file my_file.pdb (PDB, C-alpha atoms)
MODEL        1
ATOM      1  CA  MET A   8       0.000   0.000   0.000
ATOM      2  CA  PRO A   9       1.377   3.465  -0.873
ATOM      3  CA  VAL A  10       2.572   5.419   2.149
ATOM      4  CA  GLY A  11       0.989   8.790   2.785
ATOM      5  CA  LEU A  12       0.727  11.103   5.775
ATOM      6  CA  TYR A  13      -2.175   9.103   7.238
ATOM      7  CA  VAL A  14      -0.071   5.942   7.466
ATOM      8  CA  LEU A  15       2.693   7.828   9.281
ATOM      9  CA  ALA A  16       0.139   9.459  11.577
ATOM     10  CA  TYR A  17      -1.228   6.046  12.532
ATOM     11  CA  ALA A  18       2.326   4.965  13.464
ATOM     12  CA  VAL A  19       2.771   8.088  15.617
ATOM     13  CA  ARG A  20      -0.542   7.435  17.374
ATOM     14  CA  LYS A  21       0.353   3.786  17.973
ATOM     15  CA  ASN A  22       3.834   4.576  19.305
ATOM     16  CA  SER A  23       2.447   7.269  21.612
ATOM     17  CA  ASN A  24       0.398   4.673  23.508
ATOM     18  CA  THR A  25       3.405   4.165  25.779
ATOM     19  CA  LEU A  26       3.180   7.802  26.918
ATOM     20  CA  SER A  27       1.080   9.062  29.801
ATOM     21  CA  SER A  28      -0.912  11.179  27.317
ATOM     22  CA  PRO A  29      -1.314   9.301  24.002
ATOM     23  CA  ILE A  30      -1.738  11.345  20.824
ATOM     24  CA  GLY A  31      -4.946  11.054  18.827
ATOM     25  CA  LEU A  32      -4.890  10.372  15.102
ATOM     26  CA  GLY A  33      -6.082  13.852  14.141
ATOM     27  CA  HIS A  34      -3.394  15.526  16.225
ATOM     28  CA  ALA A  35      -0.809  13.108  14.866
ATOM     29  CA  GLN A  36      -1.609  14.260  11.317
ATOM     30  CA  GLN A  37      -1.309  17.891  12.354
ATOM     31  CA  LEU A  38       2.027  17.221  14.067
ATOM     32  CA  LEU A  39       3.462  15.389  11.065
ATOM     33  CA  ALA A  40       2.506  18.273   8.796
ATOM     34  CA  ALA A  41       4.329  20.554  11.231
ATOM     35  CA  ALA A  42       7.386  18.302  11.260
ATOM     36  CA  LEU A  43       7.464  18.697   7.467
ATOM     37  CA  GLY A  44       7.485  22.483   7.816
ATOM     38  CA  TYR A  45       3.792  23.436   7.706
ATOM     39  CA  LYS A  46       1.854  25.330  10.338
ATOM     40  CA  SER A  47      -1.288  23.270   9.735
ATOM     41  CA  LEU A  48      -2.518  20.129   8.015
ATOM     42  CA  ALA A  49      -4.618  22.322   5.711
ATOM     43  CA  ALA A  50      -1.482  24.168   4.546
ATOM     44  CA  TYR A  51       0.247  20.852   3.861
ATOM     45  CA  GLN A  52      -2.751  19.574   1.878
ATOM     46  CA  ALA A  53      -2.887  22.809  -0.112
ATOM     47  CA  ALA A  54       0.789  22.329  -1.012
ATOM     48  CA  GLN A  55      -0.017  18.791  -2.174
ATOM     49  CA  ALA A  56      -2.846  20.114  -4.359
ATOM     50  CA  ALA A  57      -0.437  22.654  -5.873
ATOM     51  CA  GLY A  58       2.111  19.937  -6.682
ATOM     52  CA  GLN A  59       4.616  21.218  -4.126
ATOM     53  CA  GLU A  60       4.400  18.089  -1.964
ATOM     54  CA  THR A  61       4.329  14.478  -3.094
ATOM     55  CA  ASP A  62       1.127  12.576  -2.311
ATOM     56  CA  VAL A  63       3.054   9.328  -1.845
ATOM     57  CA  LEU A  64       6.125   9.175   0.399
ATOM     58  CA  ASP A  65       7.544   5.865  -0.864
ATOM     59  CA  ASP A  66      10.257   7.571  -2.935
ATOM     60  CA  VAL A  67      11.433   9.824  -0.090
ATOM     61  CA  ALA A  68      15.010   9.090   0.989
ATOM     62  CA  HIS A  69      15.876  12.118   3.163
ATOM     63  CA  VAL A  70      13.774  14.215   5.544
ATOM     64  CA  LEU A  71      14.812  17.503   7.140
ATOM     65  CA  LEU A  72      12.795  17.589  10.372
ATOM     66  CA  HIS A  73      11.443  21.031  11.348
ATOM     67  CA  GLU A  74      11.538  20.543  15.094
ATOM     68  CA  ASP A  75      10.756  24.194  15.866
ATOM     69  CA  VAL A  76       7.540  24.148  13.829
ATOM     70  CA  LEU A  77       6.623  20.771  15.348
ATOM     71  CA  VAL A  78       7.021  21.949  18.947
ATOM     72  CA  ALA A  79       5.158  25.205  18.255
ATOM     73  CA  ARG A  80       2.225  23.333  16.698
ATOM     74  CA  ALA A  81       2.125  20.925  19.634
ATOM     75  CA  ALA A  82       1.794  23.888  22.007
ATOM     76  CA  GLU A  83      -1.104  25.271  19.926
ATOM     77  CA  LEU A  84      -2.858  21.903  20.028
ATOM     78  CA  GLY A  85      -2.184  21.385  23.730
ATOM     79  CA  VAL A  86      -0.252  18.165  23.120
ATOM     80  CA  ALA A  87       1.679  17.126  26.217
ATOM     81  CA  GLY A  88       5.327  16.060  26.206
ATOM     82  CA  PRO A  89       6.711  18.057  23.244
ATOM     83  CA  GLU A  90      10.182  16.691  24.024
ATOM     84  CA  ASN A  91       8.962  13.263  22.856
ATOM     85  CA  LEU A  92       7.639  14.394  19.482
ATOM     86  CA  PRO A  93      10.823  14.414  17.352
ATOM     87  CA  ARG A  94      11.529  10.855  18.510
ATOM     88  CA  LEU A  95       7.956   9.749  17.750
ATOM     89  CA  VAL A  96       8.099  11.250  14.256
ATOM     90  CA  SER A  97      11.464   9.607  13.567
ATOM     91  CA  MET A  98      10.162   6.270  14.847
ATOM     92  CA  ALA A  99       7.125   6.557  12.565
ATOM     93  CA  PHE A 100       9.284   7.101   9.486
ATOM     94  CA  LYS A 101      11.661   4.284  10.417
ATOM     95  CA  SER A 102       8.855   1.807  11.049
ATOM     96  CA  VAL A 103       6.940   2.602   7.848
ATOM     97  CA  LEU A 104       9.813   3.679   5.556
ATOM     98  CA  PRO A 105      12.909   2.093   7.124
ATOM     99  CA  GLY A 106      15.282   3.340   4.424
ATOM    100  CA  VAL A 107      14.562   7.024   5.087
ATOM    101  CA  ARG A 108      17.258   9.139   6.773
ATOM    102  CA  ILE A 109      15.997  11.765   9.249
ATOM    103  CA  ALA A 110      18.104  14.917   9.667
ATOM    104  CA  ASN A 111      17.668  17.581  12.347
ATOM    105  CA  SER A 112      19.743  20.226  10.558
ATOM    106  CA  GLU A 113      20.832  21.114   7.039
ATOM    107  CA  SER A 114      24.409  20.067   7.845
ATOM    108  CA  ASP A 115      23.154  16.640   8.972
ATOM    109  CA  LEU A 116      21.129  16.367   5.766
ATOM    110  CA  GLN A 117      24.197  17.214   3.669
ATOM    111  CA  ASP A 118      26.204  14.535   5.502
ATOM    112  CA  ASP A 119      23.452  11.953   4.931
ATOM    113  CA  VAL A 120      23.286  12.761   1.211
ATOM    114  CA  ARG A 121      27.081  12.596   0.938
ATOM    115  CA  LEU A 122      27.097   9.121   2.524
ATOM    116  CA  ALA A 123      24.415   7.965   0.088
ATOM    117  CA  VAL A 124      26.455   9.279  -2.830
ATOM    118  CA  GLU A 125      29.616   7.573  -1.533
ATOM    119  CA  TRP A 126      27.785   4.230  -1.645
ATOM    120  CA  GLN A 127      26.630   4.941  -5.194
ATOM    121  CA  VAL A 128      30.170   5.877  -6.251
ATOM    122  CA  GLU A 129      31.540   2.563  -4.979
ATOM    123  CA  ASN A 130      28.845   0.683  -6.922
ATOM    124  CA  ASP A 131      28.937   2.797 -10.074
ATOM    125  CA  PRO A 132      29.889   0.643 -13.102
ATOM    126  CA  ALA A 133      32.699   2.965 -14.212
ATOM    127  CA  CYS A 134      34.263   3.191 -10.734
ATOM    128  CA  ALA A 135      33.679  -0.477  -9.902
ATOM    129  CA  GLY A 136      35.251  -1.454 -13.216
ATOM    130  CA  GLN A 137      38.439   0.374 -12.279
ATOM    131  CA  MET A 138      38.422  -1.247  -8.835
ATOM    132  CA  VAL A 139      38.352  -4.679 -10.474
ATOM    133  CA  GLY A 140      41.697  -3.880 -12.064
ATOM    134  CA  ALA A 141      43.351  -3.313  -8.689
ATOM    135  CA  ASN A 142      44.722  -6.160  -6.570
ATOM    136  CA  HIS A 143      43.183  -4.758  -3.422
ATOM    137  CA  ASP A 144      41.842  -5.923  -0.082
ATOM    138  CA  GLY A 145      38.661  -3.869   0.048
ATOM    139  CA  VAL A 146      37.728  -0.186   0.237
ATOM    140  CA  ASP A 147      39.566   1.885   2.815
ATOM    141  CA  GLU A 148      37.835   5.233   2.227
ATOM    142  CA  THR A 149      35.631   6.963  -0.321
ATOM    143  CA  TYR A 150      35.801  10.731  -0.576
ATOM    144  CA  VAL A 151      33.272  12.771  -2.542
ATOM    145  CA  GLU A 152      33.723  16.531  -2.882
ATOM    146  CA  LEU A 153      30.018  17.420  -2.764
ATOM    147  CA  GLU A 154      28.779  20.852  -1.736
ATOM    148  CA  PHE A 155      25.172  22.009  -2.027
ATOM    149  CA  GLU A 156      22.606  24.119  -0.219
ATOM    150  CA  PHE A 157      19.217  22.565   0.488
ATOM    151  CA  GLY A 158      17.530  25.788  -0.599
ATOM    152  CA  ASP A 159      19.086  25.485  -4.062
ATOM    153  CA  VAL A 160      17.230  22.240  -4.810
ATOM    154  CA  PRO A 161      14.327  23.289  -7.085
ATOM    155  CA  ASP A 162      10.639  22.538  -6.615
ATOM    156  CA  PRO A 163       9.321  19.054  -7.432
ATOM    157  CA  GLY A 164       9.596  18.192 -11.098
ATOM    158  CA  ASN A 165      13.127  19.532 -11.531
ATOM    159  CA  ALA A 166      16.537  18.436 -10.255
ATOM    160  CA  LEU A 167      19.678  20.194  -9.084
ATOM    161  CA  SER A 168      22.821  19.018 -10.878
ATOM    162  CA  VAL A 169      26.060  19.277  -8.877
ATOM    163  CA  ASP A 170      29.504  18.570 -10.344
ATOM    164  CA  VAL A 171      31.535  16.308  -8.061
ATOM    165  CA  ALA A 172      34.994  14.807  -7.905
ATOM    166  CA  GLY A 173      36.795  12.526  -5.486
ATOM    167  CA  GLN A 174      38.534   9.239  -5.051
ATOM    168  CA  ILE A 175      38.128   5.729  -3.712
ATOM    169  CA  THR A 176      41.148   4.640  -1.676
ATOM    170  CA  LEU A 177      41.669   0.882  -1.611
ATOM    171  CA  ARG A 178      43.541  -1.252   0.909
ATOM    172  CA  VAL A 179      46.663  -2.697  -0.701
ATOM    173  CA  ASP A 180      46.892  -6.491  -0.758
ATOM    174  CA  ARG A 181      50.571  -7.155   0.020
ATOM    175  CA  ASP A 182      50.286 -10.759  -1.160
ATOM    176  CA  ARG A 183      49.509  -9.788  -4.757
ATOM    177  CA  PRO A 184      51.291  -7.633  -7.356
ATOM    178  CA  TYR A 185      50.601  -3.933  -6.883
ATOM    179  CA  SER A 186      48.527  -2.394  -9.685
ATOM    180  CA  GLY A 187      47.189   0.784  -8.090
ATOM    181  CA  HIS A 188      45.093   1.668  -5.065
ATOM    182  CA  ARG A 189      43.194   4.861  -5.883
ATOM    183  CA  VAL A 190      40.256   5.290  -8.222
ATOM    184  CA  LYS A 191      39.882   8.955  -9.088
ATOM    185  CA  PHE A 192      36.570  10.045 -10.562
ATOM    186  CA  LYS A 193      34.542  12.980 -11.795
ATOM    187  CA  GLY A 194      30.821  13.078 -12.363
ATOM    188  CA  GLY A 195      27.516  14.625 -11.426
ATOM    189  CA  VAL A 196      25.019  14.252  -8.604
ATOM    190  CA  PHE A 197      21.340  14.946  -9.230
ATOM    191  CA  LEU A 198      19.144  16.021  -6.301
ATOM    192  CA  GLU A 199      15.360  16.028  -6.550
ATOM    193  CA  ARG A 200      13.012  17.646  -4.055
ATOM    194  CA  LEU A 201       9.752  15.840  -3.246
ATOM    195  CA  GLY A 202       8.464  18.437  -0.778
ATOM    196  CA  ARG A 203       9.462  21.345   1.421
ATOM    197  CA  THR A 204      11.661  19.119   3.574
ATOM    198  CA  LEU A 205      11.878  15.960   1.446
ATOM    199  CA  LEU A 206      14.521  14.687  -0.966
ATOM    200  CA  ALA A 207      14.477  11.676  -3.232
ATOM    201  CA  LYS A 208      17.451   9.329  -3.373
ATOM    202  CA  PRO A 209      20.389  11.226  -4.897
ATOM    203  CA  ARG A 210      21.607   9.946  -8.247
ATOM    204  CA  PHE A 211      25.315   9.782  -9.172
ATOM    205  CA  GLU A 212      26.570   9.500 -12.737
ATOM    206  CA  ALA A 213      30.289   9.061 -13.397
ATOM    207  CA  GLU A 214      31.837  10.904 -16.335
ATOM    208  CA  HIS A 215      35.364   9.626 -15.830
ATOM    209  CA  ALA A 216      37.111   7.122 -13.558
ATOM    210  CA  ILE A 217      40.720   5.934 -13.598
ATOM    211  CA  LEU A 218      42.854   3.676 -11.414
ATOM    212  CA  THR A 219      45.976   5.423 -10.128
ATOM    213  CA  GLY A 220      48.872   4.537  -7.831
ATOM    214  CA  TYR A 221      51.644   5.984  -5.674
ATOM    215  CA  ASP A 222      53.382   7.714  -8.585
ATOM    216  CA  ASP A 223      50.265   9.425  -9.937
ATOM    217  CA  VAL A 224      49.370  12.919  -8.801
TER
ENDMDL
END
call {"tool": "encode", "arguments": {"input": "my_file.pdb", "output": "structure tokens"}}
result
Amino acid sequence: MPVGLYVLAYAVRKNSNTLSSPIGLGHAQQLLAAALGYKSLAAYQAAQAAGQETDVLDDVAHVLLHEDVLVARAAELGVAGPENLPRLVSMAFKSVLPGVRIANSESDLQDDVRLAVEWQVENDPACAGQMVGANHDGVDETYVELEFEFGDVPDPGNALSVDVAGQITLRVDRDRPYSGHRVKFKGGVFLERLGRTLLAKPRFEAEHAILTGYDDV
């Protein structure tokens, strides 16, 4: 079944049963809309109708939690225990969409995206093909020079393209002939917004990858 706000709200309500003051389903929907940056559920639904928010959350990979808006909305609704709300929202996402990364700040979001891109780099056909040519003992470190501002990611329907470069450093296998231990690459990362605080899975495309060694600059 496609995941929408109602499904997440049900998870929040269910998880709040362990609290002294459980949260009703209606309030849970309002609080989730706030966590996604909206002052009311009606404002969130209006953004959906305008195509500014995805109706289905299945493709969401990264969420920037608006804790300040969430706590303020809880106070307006008279919801007790605002200190528990960020945890309840995170638990709801992780139980319904376990692959989603929750960030509490833009810097955390940037780190999460960078980690996702590092994994894609290591599994990119061009980079992986160069790694095959090295007599190595696994990946030691992957570095991606990726800089972006969340605000620069355009509205849903468009993507932000960011030029990136970096290298994969491999562990040298001393029992086999040395053939190189660094894969240097250049390429692009494409970031797509699915809502005010939502990003789809970043997409990496390599333009160039080459295996280098100690003597290569």
call {"tool": "residues_around", "arguments": {"input": "my_file.pdb", "residues": "A:Ala40", "least_positions_apart": "3", "cutoff": "12 Å", "atoms": "all atoms listed in the file", "output": "ChimeraX atom specification"}}
result
/A:11-13,15-16,33-37,43-55,60,72-74,76-78,80-81,96,202-204
call {"tool": "closest_residue", "arguments": {"input": "my_file.pdb", "among": "A:Phe192, A:Tyr185, A:Trp126, A:Phe197", "to": "A:Tyr221", "atoms": "all atoms listed in the file"}}
result
A:Tyr185
call {"tool": "closest_residue", "arguments": {"input": "my_file.pdb", "among": "A:Glu125, A:Asp75, A:Asp170, A:Asp131", "to": "A:Asn111", "atoms": "only C-alpha atoms"}}
result
A:Asp75
call {"tool": "resolve_selection", "arguments": {"input": "my_file.pdb", "expression": "the PyMOL selection byres ((chain A and resi 64-70) around 6)", "output": "list of chain:residue names"}}
result
A:Val10, A:Gly11, A:Val63, A:Leu71, A:Leu72, A:Val107, A:Arg108, A:Ile109, A:Thr204, A:Leu205, A:Leu206, A:Ala207, A:Lys208
call {"tool": "closest_atom_pairs", "arguments": {"input": "my_file.pdb", "of": "stretch 43-124 of chain A", "to": "stretch 136-157 of chain A", "cutoff": "10 Å", "atoms": "only C-alpha atoms", "output": "JSON lines"}}
result
{"residue": "A:Leu71", "atom": "CA", "partner": "A:Phe157", "partner_atom": "CA", "distance": 9.4}
{"residue": "A:Glu113", "atom": "CA", "partner": "A:Phe157", "partner_atom": "CA", "distance": 6.9}
{"residue": "A:Ser114", "atom": "CA", "partner": "A:Glu156", "partner_atom": "CA", "distance": 9.2}
{"residue": "A:Leu116", "atom": "CA", "partner": "A:Phe157", "partner_atom": "CA", "distance": 8.4}
{"residue": "A:Gln117", "atom": "CA", "partner": "A:Phe155", "partner_atom": "CA", "distance": 7.5}
{"residue": "A:Asp118", "atom": "CA", "partner": "A:Leu153", "partner_atom": "CA", "distance": 9.5}
{"residue": "A:Val120", "atom": "CA", "partner": "A:Leu153", "partner_atom": "CA", "distance": 9.1}
{"residue": "A:Arg121", "atom": "CA", "partner": "A:Leu153", "partner_atom": "CA", "distance": 6.8}
{"residue": "A:Leu122", "atom": "CA", "partner": "A:Val151", "partner_atom": "CA", "distance": 8.8}
{"residue": "A:Val124", "atom": "CA", "partner": "A:Val151", "partner_atom": "CA", "distance": 7.7}
call {"tool": "closest_residue", "arguments": {"input": "my_file.pdb", "among": "A:Gln127, A:Thr61, A:Asn24, A:Ser112", "to": "A:Leu95", "atoms": "all atoms listed in the file"}}
result
A:Asn24
call {"tool": "axis_aligned_box", "arguments": {"input": "my_file.pdb", "around": "stretch 212-220 of chain A", "padding_each_side": "5 Å", "output": "lines of an AutoDock Vina configuration file"}}
result
center_x = 37.7
center_y = 7.3
center_z = -12.1
size_x = 32.3
size_y = 17.2
size_z = 18.5
call {"tool": "closest_residue", "arguments": {"input": "my_file.pdb", "among": "A:Glu199, A:Asp115, A:Glu129, A:Asp182", "to": "A:Asp162", "atoms": "only C-alpha atoms"}}
result
A:Glu199
call {"tool": "atom_distance", "arguments": {"input": "my_file.pdb", "atom1": "atom CA of A:Val171", "atom2": "atom CA of A:Gly106"}}
result
24.3 Å
call {"tool": "atom_distance", "arguments": {"input": "my_file.pdb", "atom1": "atom CA of A:Leu198", "atom2": "atom CA of A:Ala123"}}
result
11.6 Å
call {"tool": "closest_residue", "arguments": {"input": "my_file.pdb", "among": "A:Ser168, A:Gln59, A:Asn91, A:Ser102", "to": "A:Ser28", "atoms": "all atoms listed in the file"}}
result
A:Asn91
call {"tool": "atom_distance", "arguments": {"input": "my_file.pdb", "atom1": "atom CA of A:Thr176", "atom2": "atom CA of A:Gly194"}}
result
17.1 Å
call {"tool": "build_atoms", "arguments": {"input": "my_file.pdb", "residues": "stretch 11-30 of chain A", "atoms": "N, CA and C atoms", "output": "compact mmCIF listing (two decimals), keeping the file's coordinate frame"}}
result
# COMPACT_ATOMS: atom_id res chain seq x y z
N GLY A 11 1.30 7.37 2.73
CA GLY A 11 0.99 8.79 2.78
C GLY A 11 1.05 9.28 4.22
N LEU A 12 0.65 10.52 4.44
CA LEU A 12 0.73 11.10 5.78
C LEU A 12 -0.13 10.34 6.78
N TYR A 13 -1.28 9.82 6.33
CA TYR A 13 -2.17 9.10 7.24
C TYR A 13 -1.49 7.87 7.82
N VAL A 14 -0.75 7.15 6.99
CA VAL A 14 -0.07 5.94 7.47
C VAL A 14 0.97 6.30 8.53
N LEU A 15 1.71 7.38 8.29
CA LEU A 15 2.69 7.83 9.28
C LEU A 15 2.00 8.28 10.56
N ALA A 16 0.87 8.98 10.41
CA ALA A 16 0.14 9.46 11.58
C ALA A 16 -0.35 8.29 12.43
N TYR A 17 -0.79 7.23 11.79
CA TYR A 17 -1.23 6.05 12.53
C TYR A 17 -0.06 5.47 13.33
N ALA A 18 1.15 5.47 12.75
CA ALA A 18 2.33 4.96 13.46
C ALA A 18 2.66 5.85 14.66
N VAL A 19 2.54 7.17 14.49
CA VAL A 19 2.77 8.09 15.62
C VAL A 19 1.77 7.82 16.73
N ARG A 20 0.49 7.70 16.37
CA ARG A 20 -0.54 7.44 17.37
C ARG A 20 -0.26 6.14 18.12
N LYS A 21 0.09 5.09 17.37
CA LYS A 21 0.35 3.79 17.97
C LYS A 21 1.56 3.85 18.92
N ASN A 22 2.63 4.50 18.47
CA ASN A 22 3.83 4.58 19.30
C ASN A 22 3.63 5.44 20.54
N SER A 23 2.68 6.38 20.47
CA SER A 23 2.45 7.27 21.61
C SER A 23 1.65 6.59 22.72
N ASN A 24 1.17 5.37 22.48
CA ASN A 24 0.40 4.67 23.51
C ASN A 24 1.22 4.37 24.75
N THR A 25 2.54 4.40 24.62
CA THR A 25 3.40 4.16 25.78
C THR A 25 3.55 5.41 26.65
N LEU A 26 3.08 6.55 26.17
CA LEU A 26 3.18 7.80 26.92
C LEU A 26 2.00 7.95 27.88
N SER A 27 2.16 8.83 28.84
CA SER A 27 1.08 9.06 29.80
C SER A 27 -0.11 9.74 29.13
N SER A 28 0.17 10.52 28.07
CA SER A 28 -0.91 11.18 27.32
C SER A 28 -0.78 10.81 25.84
N PRO A 29 -1.40 9.71 25.41
CA PRO A 29 -1.31 9.30 24.00
C PRO A 29 -1.85 10.37 23.06
N ILE A 30 -1.36 10.35 21.83
CA ILE A 30 -1.74 11.34 20.82
C ILE A 30 -2.81 10.76 19.91
